[in-house]
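**Student:** What follows is work-v9.tsv, TSV, C-alpha atoms.
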chain	number	residue	atom	x	y	z
A	1	MET	CA	15.36	6.33	10.63
A	2	VAL	CA	11.63	5.60	10.72
A	3	ASP	CA	10.49	3.99	13.96
A	4	LEU	CA	9.43	0.41	13.20
A	5	ASN	CA	6.71	0.65	15.85
A	6	GLU	CA	5.06	3.49	13.94
A	7	LEU	CA	4.53	1.35	10.84
A	8	SER	CA	1.33	-0.54	10.08
A	9	ILE	CA	1.44	-4.16	8.92
A	10	GLU	CA	0.63	-2.90	5.42
A	11	GLU	CA	3.61	-0.55	5.49
A	12	LYS	CA	5.90	-3.29	6.76
A	13	VAL	CA	4.85	-5.85	4.17
A	14	GLY	CA	5.08	-3.16	1.50
A	15	GLN	CA	8.77	-2.63	2.28
A	16	MET	CA	9.32	-6.30	1.49
A	17	LEU	CA	8.02	-5.96	-2.06
A	18	MET	CA	9.75	-4.72	-5.19
A	19	VAL	CA	7.64	-4.63	-8.33
A	20	GLY	CA	8.91	-4.48	-11.89
A	21	LEU	CA	7.02	-2.15	-14.22
A	22	GLY	CA	7.92	-3.67	-17.58
A	23	ASN	CA	4.89	-2.24	-19.39
A	24	LYS	CA	4.18	1.49	-19.59
A	25	GLU	CA	0.46	0.77	-19.71
A	26	TYR	CA	0.61	-0.47	-16.11
A	27	ILE	CA	2.08	2.71	-14.61
A	28	LYS	CA	-1.16	3.73	-12.89
A	29	ASN	CA	-1.48	0.23	-11.41
A	30	VAL	CA	2.04	0.41	-10.02
A	31	GLU	CA	1.37	3.90	-8.69
A	32	ASN	CA	-1.59	2.43	-6.83
A	33	LEU	CA	0.73	-0.16	-5.29
A	34	ILE	CA	2.92	2.66	-4.01
A	35	THR	CA	0.07	4.72	-2.55
A	36	LYS	CA	-2.21	1.94	-1.28
A	37	TYR	CA	0.17	-0.91	-0.46
A	38	LYS	CA	3.26	1.22	0.30
A	39	ILE	CA	5.57	-1.01	-1.72
A	40	GLY	CA	9.22	-0.32	-1.05
A	41	GLY	CA	10.69	-0.41	-4.53
A	42	VAL	CA	10.07	-0.32	-8.27
A	43	LEU	CA	12.28	-1.91	-10.92
A	44	LEU	CA	12.34	-0.23	-14.32
A	45	TYR	CA	13.14	-1.85	-17.67
A	46	LYS	CA	14.32	-0.35	-20.94
A	47	ARG	CA	10.87	-0.84	-22.49
A	48	ASP	CA	9.41	1.53	-19.87
A	49	TYR	CA	10.86	4.61	-21.59
A	50	LYS	CA	11.86	5.43	-25.15
A	51	ASN	CA	14.45	8.07	-24.29
A	52	TYR	CA	16.21	9.92	-21.47
A	53	GLU	CA	13.49	12.58	-21.24
A	54	GLU	CA	10.81	9.92	-20.73
A	55	LEU	CA	12.98	8.19	-18.14
A	56	ASN	CA	13.42	11.45	-16.24
A	57	LYS	CA	9.66	12.08	-16.20
A	58	LEU	CA	8.91	8.52	-15.10
A	59	VAL	CA	11.51	8.54	-12.32
A	60	ASN	CA	10.21	11.85	-10.99
A	61	ARG	CA	6.62	10.62	-11.18
A	62	LEU	CA	7.57	7.68	-8.96
A	63	ARG	CA	9.69	9.82	-6.65
A	64	ALA	CA	6.80	12.25	-6.13
A	65	LEU	CA	4.66	9.36	-4.89
A	66	GLY	CA	7.50	8.10	-2.73
A	67	ARG	CA	7.70	11.45	-0.98
A	68	LYS	CA	4.11	11.02	0.18
A	69	ASN	CA	4.95	7.80	2.06
A	70	LYS	CA	6.86	7.51	5.32
A	71	ILE	CA	9.64	5.56	3.65
A	72	PRO	CA	11.30	6.51	0.34
A	73	LEU	CA	11.32	4.18	-2.65
A	74	PHE	CA	14.11	2.12	-4.07
A	75	ILE	CA	14.12	2.90	-7.79
A	76	ALA	CA	15.99	0.00	-9.30
A	77	ILE	CA	17.61	-0.99	-12.57
A	78	ASP	CA	19.46	-4.04	-13.87
A	79	GLN	CA	22.46	-2.23	-15.38
A	80	GLU	CA	25.48	-4.47	-15.87
A	81	GLY	CA	26.60	-3.22	-19.28
A	82	GLY	CA	27.37	-5.59	-22.12
A	83	ARG	CA	24.38	-7.83	-22.81
A	84	VAL	CA	22.42	-6.40	-19.89
A	85	ASN	CA	21.84	-2.75	-20.70
A	86	ARG	CA	18.66	-1.01	-19.52
A	87	MET	CA	19.57	2.63	-20.14
A	88	PRO	CA	17.92	4.78	-22.84
A	89	ASP	CA	19.59	4.70	-26.25
A	90	GLU	CA	21.09	8.20	-25.86
A	91	PHE	CA	23.54	6.64	-23.41
A	92	GLY	CA	26.32	4.48	-24.78
A	93	ASN	CA	26.82	0.97	-23.48
A	94	LEU	CA	29.91	-0.20	-21.65
A	95	PRO	CA	31.67	-3.44	-22.65
A	96	SER	CA	30.90	-6.65	-20.80
A	97	ALA	CA	32.21	-7.30	-17.29
A	98	ASN	CA	34.57	-9.95	-18.69
A	99	THR	CA	36.09	-7.52	-21.18
A	100	LEU	CA	36.46	-4.81	-18.55
A	101	ALA	CA	38.20	-7.18	-16.17
A	102	ASN	CA	40.54	-8.45	-18.89
A	103	LYS	CA	41.54	-4.88	-19.77
A	104	GLY	CA	41.84	-3.60	-16.20
A	105	LEU	CA	38.99	-1.13	-16.63
A	106	VAL	CA	36.52	-2.24	-13.95
A	107	GLU	CA	37.14	0.69	-11.61
A	108	GLU	CA	36.82	3.25	-14.39
A	109	ALA	CA	33.64	1.66	-15.77
A	110	SER	CA	32.11	1.35	-12.31
A	111	GLN	CA	32.72	5.04	-11.73
A	112	VAL	CA	30.88	5.95	-14.94
A	113	THR	CA	28.01	3.60	-14.12
A	114	GLY	CA	27.61	5.02	-10.64
A	115	GLU	CA	27.53	8.59	-11.94
A	116	MET	CA	25.08	7.74	-14.73
A	117	LEU	CA	22.67	5.95	-12.42
A	118	ARG	CA	22.78	8.55	-9.69
A	119	LYS	CA	22.18	11.45	-12.08
A	120	THR	CA	19.28	9.67	-13.81
A	121	GLY	CA	17.56	8.91	-10.49
A	122	PHE	CA	18.34	5.25	-9.83
A	123	ASN	CA	19.41	4.30	-6.31
A	124	PHE	CA	19.47	0.48	-6.53
A	125	ASN	CA	21.35	-1.59	-9.13
A	126	PHE	CA	21.21	-5.34	-9.70
A	127	ALA	CA	24.98	-5.66	-10.18
A	128	PRO	CA	27.73	-6.79	-9.85
A	129	VAL	CA	27.57	-10.35	-11.11
A	130	LEU	CA	29.79	-12.45	-8.84
A	131	ASP	CA	29.28	-15.72	-10.69
A	132	ILE	CA	32.30	-17.59	-12.05
A	133	LYS	CA	32.75	-17.74	-15.83
A	134	ARG	CA	32.84	-21.38	-16.90
A	135	PHE	CA	31.13	-21.45	-20.27
A	136	LYS	CA	31.01	-19.54	-23.55
A	137	ASN	CA	30.38	-15.79	-23.67
A	138	ASN	CA	26.79	-16.23	-24.85
A	139	GLN	CA	25.79	-18.68	-22.11
A	140	ALA	CA	23.39	-17.57	-19.35
A	141	ILE	CA	26.30	-15.96	-17.46
A	142	GLY	CA	29.25	-16.13	-19.83
A	143	ASP	CA	30.79	-12.70	-20.38
A	144	ARG	CA	28.55	-11.18	-17.74
A	145	SER	CA	31.07	-12.63	-15.28
A	146	PHE	CA	34.32	-10.81	-14.61
A	147	SER	CA	36.43	-13.93	-14.91
A	148	SER	CA	36.90	-17.68	-14.57
A	149	ASP	CA	39.39	-16.86	-11.81
A	150	VAL	CA	37.80	-16.70	-8.36
A	151	GLU	CA	40.22	-14.10	-7.07
A	152	VAL	CA	39.68	-11.82	-10.06
A	153	VAL	CA	35.89	-12.03	-9.65
A	154	SER	CA	36.25	-11.21	-5.96
A	155	LYS	CA	38.56	-8.24	-6.53
A	156	CYS	CA	36.48	-6.78	-9.37
A	157	GLY	CA	33.26	-7.26	-7.43
A	158	ILE	CA	34.58	-5.38	-4.42
A	159	THR	CA	35.81	-2.56	-6.67
A	160	TYR	CA	32.36	-2.29	-8.28
A	161	ILE	CA	30.60	-2.29	-4.91
A	162	ASN	CA	32.78	0.49	-3.56
A	163	LYS	CA	32.17	2.70	-6.60
A	164	MET	CA	28.39	2.26	-6.38
A	165	LYS	CA	28.57	3.28	-2.73
A	166	GLU	CA	30.33	6.52	-3.64
A	167	TYR	CA	27.18	7.50	-5.52
A	168	ASN	CA	24.74	6.17	-2.91
A	169	VAL	CA	23.53	3.50	-5.32
A	170	VAL	CA	22.85	0.19	-3.57
A	171	PRO	CA	24.84	-2.56	-5.34
A	172	VAL	CA	23.24	-6.01	-5.40
A	173	ILE	CA	25.64	-8.97	-5.55
A	174	LYS	CA	24.22	-11.82	-7.62
A	175	HIS	CA	23.32	-14.68	-8.28
A	176	TYR	CA	23.94	-16.43	-4.97
A	177	PRO	CA	24.97	-19.30	-4.60
A	178	GLY	CA	26.53	-19.07	-8.09
A	179	HIS	CA	24.81	-19.22	-11.46
A	180	GLY	CA	28.16	-19.91	-13.10
A	181	ALA	CA	27.97	-23.50	-11.88
A	182	THR	CA	25.27	-24.33	-14.45
A	183	LYS	CA	24.76	-23.75	-18.19
A	184	LYS	CA	20.99	-23.47	-17.88
A	185	ASP	CA	19.27	-20.09	-17.71
A	186	SER	CA	17.06	-19.56	-14.64
A	187	HIS	CA	14.84	-17.27	-16.73
A	188	LEU	CA	13.69	-20.33	-18.67
A	189	THR	CA	14.23	-23.38	-16.51
A	190	LEU	CA	15.14	-24.28	-12.94
A	191	PRO	CA	18.86	-25.07	-13.00
A	192	VAL	CA	20.25	-27.79	-10.76
A	193	ILE	CA	23.76	-27.30	-9.42
A	194	GLU	CA	25.39	-30.71	-9.30
A	195	GLU	CA	28.42	-29.56	-7.32
A	196	THR	CA	28.65	-30.49	-3.67
A	197	ASN	CA	28.31	-27.65	-1.22
A	198	GLU	CA	31.95	-28.23	-0.21
A	199	ASN	CA	33.07	-27.54	-3.79
A	200	LEU	CA	30.84	-24.48	-4.02
A	201	GLU	CA	32.44	-23.09	-0.87
A	202	LYS	CA	35.90	-23.46	-2.42
A	203	GLU	CA	34.97	-21.59	-5.59
A	204	ASP	CA	31.52	-20.16	-6.37
A	205	LEU	CA	30.74	-18.85	-2.90
A	206	VAL	CA	34.15	-17.23	-2.37
A	207	PRO	CA	33.41	-13.94	-4.21
A	208	PHE	CA	30.15	-13.58	-2.26
A	209	LYS	CA	31.90	-14.27	1.04
A	210	LYS	CA	34.59	-11.68	0.30
A	211	ALA	CA	32.04	-9.13	-0.88
A	212	ILE	CA	30.09	-9.56	2.37
A	213	GLU	CA	33.29	-9.19	4.39
A	214	ASN	CA	33.95	-5.96	2.48
A	215	GLY	CA	30.59	-4.39	3.18
A	216	ALA	CA	28.09	-5.66	0.60
A	217	ASP	CA	24.62	-4.65	1.80
A	218	CYS	CA	22.33	-6.51	-0.59
A	219	LEU	CA	22.45	-10.03	-2.00
A	220	LEU	CA	20.25	-11.56	-4.69
A	221	VAL	CA	19.52	-15.24	-4.19
A	222	GLY	CA	18.85	-17.08	-7.42
A	223	HIS	CA	16.32	-19.66	-8.51
A	224	LEU	CA	18.96	-22.37	-8.36
A	225	ARG	CA	18.59	-25.82	-6.87
A	226	ILE	CA	21.55	-27.49	-5.17
A	227	LYS	CA	21.39	-31.25	-4.83
A	228	HIS	CA	21.07	-32.45	-1.23
A	229	VAL	CA	21.09	-28.85	0.06
A	230	THR	CA	17.92	-26.99	-0.99
A	231	HIS	CA	15.67	-30.07	-0.71
A	232	GLY	CA	14.20	-29.83	-4.21
A	233	TYR	CA	13.35	-26.15	-3.98
A	234	PRO	CA	15.30	-23.29	-5.54
A	235	ALA	CA	17.61	-21.56	-3.07
A	236	SER	CA	15.33	-18.52	-3.18
A	237	MET	CA	12.53	-20.54	-1.59
A	238	SER	CA	14.50	-22.70	0.82
A	239	LYS	CA	14.16	-21.49	4.40
A	240	SER	CA	16.95	-23.75	5.64
A	241	PHE	CA	19.30	-22.53	2.90
A	242	VAL	CA	18.68	-18.82	3.51
A	243	ARG	CA	19.01	-19.25	7.26
A	244	LYS	CA	21.95	-21.67	7.32
A	245	TYR	CA	24.13	-20.52	4.45
A	246	ILE	CA	23.38	-16.84	3.93
A	247	ARG	CA	22.60	-15.66	7.44
A	248	LYS	CA	24.62	-17.94	9.71
A	249	LYS	CA	27.54	-19.19	7.64
A	250	ASN	CA	28.26	-15.85	5.96
A	251	ARG	CA	27.02	-13.78	8.90
A	252	PHE	CA	25.13	-11.64	6.44
A	253	ASN	CA	22.66	-9.23	7.98
A	254	GLY	CA	21.98	-7.10	4.94
A	255	ILE	CA	19.06	-7.36	2.52
A	256	VAL	CA	18.39	-10.68	0.83
A	257	ILE	CA	16.29	-10.18	-2.29
A	258	THR	CA	14.92	-12.84	-4.60
A	259	ASP	CA	15.36	-12.98	-8.31
A	260	ASP	CA	12.08	-12.29	-10.13
A	261	ILE	CA	9.59	-14.93	-9.02
A	262	ARG	CA	7.79	-14.52	-12.35
A	263	MET	CA	10.64	-16.18	-14.20
A	264	LYS	CA	9.21	-18.92	-16.40
A	265	ALA	CA	10.35	-22.03	-14.54
A	266	VAL	CA	9.31	-20.76	-11.10
A	267	ARG	CA	5.95	-19.57	-12.41
A	268	ILE	CA	5.21	-22.90	-14.11
A	269	LEU	CA	6.41	-25.14	-11.29
A	270	TYR	CA	4.92	-23.27	-8.34
A	271	GLY	CA	2.53	-20.61	-9.60
A	272	THR	CA	3.11	-16.99	-8.65
A	273	LYS	CA	0.96	-17.04	-5.51
A	274	ARG	CA	2.66	-20.11	-4.03
A	275	ALA	CA	6.11	-18.84	-5.04
A	276	LEU	CA	5.45	-15.46	-3.42
A	277	ILE	CA	4.37	-17.02	-0.12
A	278	LYS	CA	7.26	-19.50	-0.08
A	279	ALA	CA	9.74	-16.71	-0.83
A	280	PHE	CA	8.35	-14.65	2.06
A	281	LYS	CA	8.47	-17.56	4.47
A	282	ALA	CA	11.97	-18.60	3.36
A	283	GLY	CA	13.46	-15.51	4.99
A	284	ASN	CA	14.00	-13.20	2.02
A	285	ASP	CA	13.75	-9.54	2.99
A	286	ILE	CA	12.44	-8.38	-0.39
A	287	VAL	CA	10.53	-10.40	-2.98
A	288	LEU	CA	10.81	-9.19	-6.56
A	289	PHE	CA	8.19	-9.77	-9.25
A	290	LYS	CA	7.22	-8.13	-12.51
A	291	TYR	CA	3.75	-6.63	-12.22
A	292	ILE	CA	0.72	-7.86	-14.14
A	293	PRO	CA	-2.84	-6.66	-13.57
A	294	GLY	CA	-4.45	-8.52	-10.68
A	295	ASP	CA	-1.33	-8.68	-8.52
A	296	GLU	CA	-3.19	-6.66	-5.91
A	297	ALA	CA	-4.84	-9.96	-4.93
A	298	LEU	CA	-1.39	-11.49	-4.39
A	299	ILE	CA	-0.42	-8.70	-2.03
A	300	ASP	CA	-3.76	-9.00	-0.22
A	301	LYS	CA	-3.01	-12.70	0.23
A	302	ILE	CA	0.36	-11.94	1.81
A	303	LEU	CA	-1.23	-9.32	4.07
A	304	ASN	CA	-3.88	-11.79	5.21
A	305	GLU	CA	-1.21	-14.41	5.93
A	306	ALA	CA	0.73	-11.86	7.97
A	307	LYS	CA	-2.32	-10.64	9.89
A	308	LYS	CA	-3.27	-14.23	10.77
A	309	GLY	CA	0.25	-14.94	12.00
A	310	LYS	CA	0.99	-17.44	9.23
A	311	ILE	CA	3.99	-15.30	8.37
A	312	ASN	CA	5.91	-14.66	11.56
A	313	ILE	CA	5.71	-10.99	12.57
A	314	ALA	CA	9.17	-11.16	14.15
A	315	LYS	CA	10.54	-12.28	10.77
A	316	ILE	CA	8.75	-9.38	9.06
A	317	ASN	CA	10.15	-6.92	11.60
A	318	ARG	CA	13.70	-8.23	11.08
A	319	SER	CA	13.40	-7.83	7.33
A	320	VAL	CA	11.95	-4.34	7.54
A	321	ARG	CA	14.72	-3.25	9.91
A	322	ARG	CA	17.29	-4.41	7.36
A	323	VAL	CA	15.54	-2.51	4.56
A	324	LEU	CA	15.27	0.66	6.66
A	325	LYS	CA	18.91	0.39	7.68
A	326	VAL	CA	20.11	0.21	4.08
A	327	LYS	CA	17.83	3.04	2.98
A	328	GLU	CA	19.25	5.21	5.75
A	329	LYS	CA	22.86	4.19	5.05
A	330	TYR	CA	22.58	5.07	1.37
A	331	GLN	CA	20.62	8.24	2.13
A	332	ILE	CA	17.76	7.09	-0.05
A	333	GLU	CA	15.50	10.06	-0.68
A	334	ASN	CA	12.94	10.77	-3.36
A	335	GLU	CA	13.96	14.32	-4.24
A	336	GLU	CA	13.21	15.47	-7.79
A	337	ILE	CA	15.93	14.64	-10.30
A	338	PRO	CA	16.77	17.47	-12.74
A	339	TYR	CA	16.75	16.81	-16.47
A	340	LEU	CA	20.32	17.46	-17.59
A	341	GLU	CA	20.33	18.02	-21.33
A	342	ASP	CA	24.08	17.44	-21.63
A	343	LEU	CA	24.21	14.38	-19.38
A	344	PRO	CA	24.17	11.73	-22.15
A	345	LYS	CA	26.94	13.59	-24.01
A	346	ASP	CA	29.06	13.91	-20.85
A	347	ILE	CA	28.59	10.25	-19.92
A	348	ASN	CA	29.25	9.08	-23.48
A	349	ILE	CA	32.59	10.86	-23.57
A	350	LYS	CA	33.66	8.69	-20.62
A	351	ILE	CA	32.11	5.51	-22.05
A	352	ASN	CA	33.78	6.07	-25.42
A	353	ASP	CA	37.10	6.64	-23.70
A	354	ILE	CA	36.78	3.21	-22.09
A	355	LYS	CA	35.75	1.63	-25.39
A	356	ASN	CA	38.73	3.22	-27.12
A	357	LYS	CA	41.06	1.81	-24.49
A	358	VAL	CA	39.62	-1.65	-25.14
A	359	LYS	CA	39.92	-1.19	-28.92
A	360	GLY	CA	43.38	0.32	-28.66
A	361	ASP	CA	44.60	-2.62	-26.64
A	362	VAL	CA	43.23	-4.99	-29.28
A	363	ASP	CA	44.81	-2.98	-32.12
A	364	GLU	CA	48.22	-3.03	-30.44
A	365	LYS	CA	48.11	-6.82	-30.28
A	366	ASN	CA	47.13	-7.22	-33.96
Starting from the coordinates I provided, produce the structure as structure tokens.
**Tutor:**
Amino acid sequence: MVDLNELSIEEKVGQMLMVGLGNKEYIKNVENLITKYKIGGVLLYKRDYKNYEELNKLVNRLRALGRKNKIPLFIAIDQEGGRVNRMPDEFGNLPSANTLANKGLVEEASQVTGEMLRKTGFNFNFAPVLDIKRFKNNQAIGDRSFSSDVEVVSKCGITYINKMKEYNVVPVIKHYPGHGATKKDSHLTLPVIEETNENLEKEDLVPFKKAIENGADCLLVGHLRIKHVTHGYPASMSKSFVRKYIRKKNRFNGIVITDDIRMKAVRILYGTKRALIKAFKAGNDIVLFKYIPGDEALIDKILNEAKKGKINIAKINRSVRRVLKVKEKYQIENEEIPYLEDLPKDINIKINDIKNKVKGDVDEKN
């Protein structure tokens, strides 16, 4: 593992940033963030590539830059299946988490996902969803959740985590403390969870607690307010919440990463600069945001705050240690990923087999 003492403040702060590309026109800007600011991760979206060949070239372009830095890059994707599918169109899409859980196919689907991500060059996946299903399938969470049953969510989540680990893909449990407790979508507004923390601990927080006990290494904290707990701020920006509930109560010493701080409600209420600083100071280890031109000034602002001691250096060091530990554990390297012409066909055979099992089960009941 890289010696923390050998890293500059720029390299340390860089490890605490993950930037979403989201626009192919910005690739050179994001490459500059890797080379100049040493950012620790890049999140790719489906709009960043039109096919598997383009994805392969983009991933290898980023990996080549990562090899020039002391610390390799997380190359991330948000690949749940169902409604949240970020893979190129050559790859089939798995059914929703809820369907997979209902049909007993979570382990099989997780295996396919892990293989597909590993062989296409991703090493960090924003899944599984550990929220409880309470509302209709098309709600913010809905069928993205494994189940309305806490125990089923917990069991399926642990299965998914273990399969990702087999392929050295970091699984990210989300959306702590439980997006299923609200109908509202945190992409558009700032949901308020009306439940007491006691009730959350009996239901919504259980799958997260069990996942942590079973070796989850990365947790996404959502832009969710809890009455009387997060003091008006979303959980992602509440220092007392991160420290008290994630670190101490759950004894979690893995990576805490924010949801995208450019989500509409957060951006409107706080502004990106203020949200970024608050997220850093709250105790998150990685702050995620989709890149737009000019974000270099945001990073410079964070660096200045750190150099002036306004962001505690001990806190930065703790976060960087966690990031380095996970990168070492998952053997994150930026080796070149071969283009495998038959990969989509091979993966689709397995995906179609799962779909046929779902369809066959439905047909038998009709």
**Student:** Select, from A:Tyr26, A:Asp300, A:Arg67, A:Cys156, the residue with the minimum atom-to-atom distance to Asn102 in chain A, counting all atoms listed in the file.
**Tutor:**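 With all atoms listed in the file as the atom set, the closest residue is A:Cys156.
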**Student:** Using all atoms listed in the file, list the residues that have an atom at most 7 Å from (6.1, -6.3, -7.0), coordinates as in the file, as number ranges by chain.
**Tutor:** A: 17-20, 288-291
**Student:** Would you mind listing what lies within 10 Å of Glu213 in chain A as a compact mmCIF listing (two decimals) with C-alpha atoms, in the coordinates of the input, with only C-alpha atoms counted and same-chain residues fewer than 4 positions away left out?
**Tutor:**
# COMPACT_ATOMS: atom_id res chain seq x y z
CA ILE A 158 34.58 -5.38 -4.42
CA PRO A 207 33.41 -13.94 -4.21
CA PHE A 208 30.15 -13.58 -2.26
CA LYS A 209 31.90 -14.27 1.04
CA ASN A 250 28.26 -15.85 5.96
CA ARG A 251 27.02 -13.78 8.90
CA PHE A 252 25.13 -11.64 6.44
**Student:** Find the residues around Ile255 in chain A up to 8 Å (all atoms listed in the file counted), leave out those fewer than 5 positions away in its own chain, and share them as a PyMOL selection string.
**Tutor:** chain A and resi 217-219+284-286+319+322-323+326
**Student:** Could you save those same residues with C-alpha atoms as an mmCIF file, in the coordinates of the input?
**Tutor:**
data_model
loop_
_atom_site.group_PDB
_atom_site.id
_atom_site.type_symbol
_atom_site.label_atom_id
_atom_site.label_comp_id
_atom_site.auth_asym_id
_atom_site.auth_seq_id
_atom_site.Cartn_x
_atom_site.Cartn_y
_atom_site.Cartn_z
ATOM 1 C CA ASP A 217 24.620 -4.650 1.800
ATOM 2 C CA CYS A 218 22.330 -6.510 -0.590
ATOM 3 C CA LEU A 219 22.450 -10.030 -2.000
ATOM 4 C CA ASN A 284 14.000 -13.200 2.020
ATOM 5 C CA ASP A 285 13.750 -9.540 2.990
ATOM 6 C CA ILE A 286 12.440 -8.380 -0.390
ATOM 7 C CA SER A 319 13.400 -7.830 7.330
ATOM 8 C CA ARG A 322 17.290 -4.410 7.360
ATOM 9 C CA VAL A 323 15.540 -2.510 4.560
ATOM 10 C CA VAL A 326 20.110 0.210 4.080
#
**Student:** Please report the interatomic distance between CA of Lys355 in chain A and CA of Tyr339 in chain A in Å with one decimal.
**Tutor:**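 Taking CA of Lys355 in chain A and CA of Tyr339 in chain A, their separation equals 25.9 Å.
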**Student:** Kindly indicate which residue among A:Ile34, A:Met164, A:Val84, A:Met16 lies nearest to Lys281 in chain A, using only C-alpha atoms for the distances.
**Tutor:**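 Closest to Lys281 in chain A of all the choices is A:Met16.
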**Student:** Would you list the contacts of range 341-347 of chain A as JSON, numbers by chain, taking every protein, DNA or RNA residue within 12 Å and counting all atoms listed in the file, but skipping same-chain residues closer than 6 positions in sequence?
**Tutor:** {"A": [51, 52, 53, 56, 87, 88, 89, 90, 91, 92, 93, 94, 109, 111, 112, 113, 114, 115, 116, 117, 118, 119, 120, 353, 354]}
**Student:** Restricted to C-alpha atoms, what would the selected residues look like written as a compact mmCIF listing (two decimals), in the frame of the given file?
**Tutor:**
# COMPACT_ATOMS: atom_id res chain seq x y z
CA ASN A 51 14.45 8.07 -24.29
CA TYR A 52 16.21 9.92 -21.47
CA GLU A 53 13.49 12.58 -21.24
CA ASN A 56 13.42 11.45 -16.24
CA MET A 87 19.57 2.63 -20.14
CA PRO A 88 17.92 4.78 -22.84
CA ASP A 89 19.59 4.70 -26.25
CA GLU A 90 21.09 8.20 -25.86
CA PHE A 91 23.54 6.64 -23.41
CA GLY A 92 26.32 4.48 -24.78
CA ASN A 93 26.82 0.97 -23.48
CA LEU A 94 29.91 -0.20 -21.65
CA ALA A 109 33.64 1.66 -15.77
CA GLN A 111 32.72 5.04 -11.73
CA VAL A 112 30.88 5.95 -14.94
CA THR A 113 28.01 3.60 -14.12
CA GLY A 114 27.61 5.02 -10.64
CA GLU A 115 27.53 8.59 -11.94
CA MET A 116 25.08 7.74 -14.73
CA LEU A 117 22.67 5.95 -12.42
CA ARG A 118 22.78 8.55 -9.69
CA LYS A 119 22.18 11.45 -12.08
CA THR A 120 19.28 9.67 -13.81
CA ASP A 353 37.10 6.64 -23.70
CA ILE A 354 36.78 3.21 -22.09
**Student:** Ranking A:Asn123, A:Ser154, A:Ser148, A:Gln15 by minimum distance to Phe135 in chain A and counting all atoms listed in the file, which one comes first?
**Tutor:**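 Nearest candidate to Phe135 in chain A out of A:Asn123, A:Ser154, A:Ser148, A:Gln15: A:Ser148.
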**Student:** Taking 3 positions as the minimum chain separation for residues in the same chain, which residues sit within 10 Å of Asn98 in chain A when counting only C-alpha atoms? Answer as a PDB file with C-alpha atoms, in the coordinates of the input.
**Tutor:**
ATOM      1  CA  GLY A  82      27.370  -5.590 -22.120  1.00  0.00           C
ATOM      2  CA  PRO A  95      31.670  -3.440 -22.650  1.00  0.00           C
ATOM      3  CA  ALA A 101      38.200  -7.180 -16.170  1.00  0.00           C
ATOM      4  CA  ASN A 102      40.540  -8.450 -18.890  1.00  0.00           C
ATOM      5  CA  LYS A 103      41.540  -4.880 -19.770  1.00  0.00           C
ATOM      6  CA  GLY A 104      41.840  -3.600 -16.200  1.00  0.00           C
ATOM      7  CA  VAL A 106      36.520  -2.240 -13.950  1.00  0.00           C
ATOM      8  CA  LYS A 133      32.750 -17.740 -15.830  1.00  0.00           C
ATOM      9  CA  ASN A 137      30.380 -15.790 -23.670  1.00  0.00           C
ATOM     10  CA  GLY A 142      29.250 -16.130 -19.830  1.00  0.00           C
ATOM     11  CA  ASP A 143      30.790 -12.700 -20.380  1.00  0.00           C
ATOM     12  CA  ARG A 144      28.550 -11.180 -17.740  1.00  0.00           C
ATOM     13  CA  SER A 145      31.070 -12.630 -15.280  1.00  0.00           C
ATOM     14  CA  PHE A 146      34.320 -10.810 -14.610  1.00  0.00           C
ATOM     15  CA  SER A 147      36.430 -13.930 -14.910  1.00  0.00           C
ATOM     16  CA  SER A 148      36.900 -17.680 -14.570  1.00  0.00           C
ATOM     17  CA  VAL A 153      35.890 -12.030  -9.650  1.00  0.00           C
TER      18      VAL A 153
END
**Student:** Please tell me which residues are no farther than 6 Å from (17.3, -2.0, -15.1) in the file, counting all atoms listed in the file, and write them as a list in words.
**Tutor:**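 Residues lying no farther than 6 Å from the given point: Leu44, Tyr45, Ile77, Asp78, Gln79 and Arg86 of chain A.
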**Student:** Which residue out of A:Gly283, A:Pro171, A:Pro128, A:Gly271 has the minimum interatomic distance to Ala76 in chain A when all atoms listed in the file are used?
**Tutor:** A:Pro171
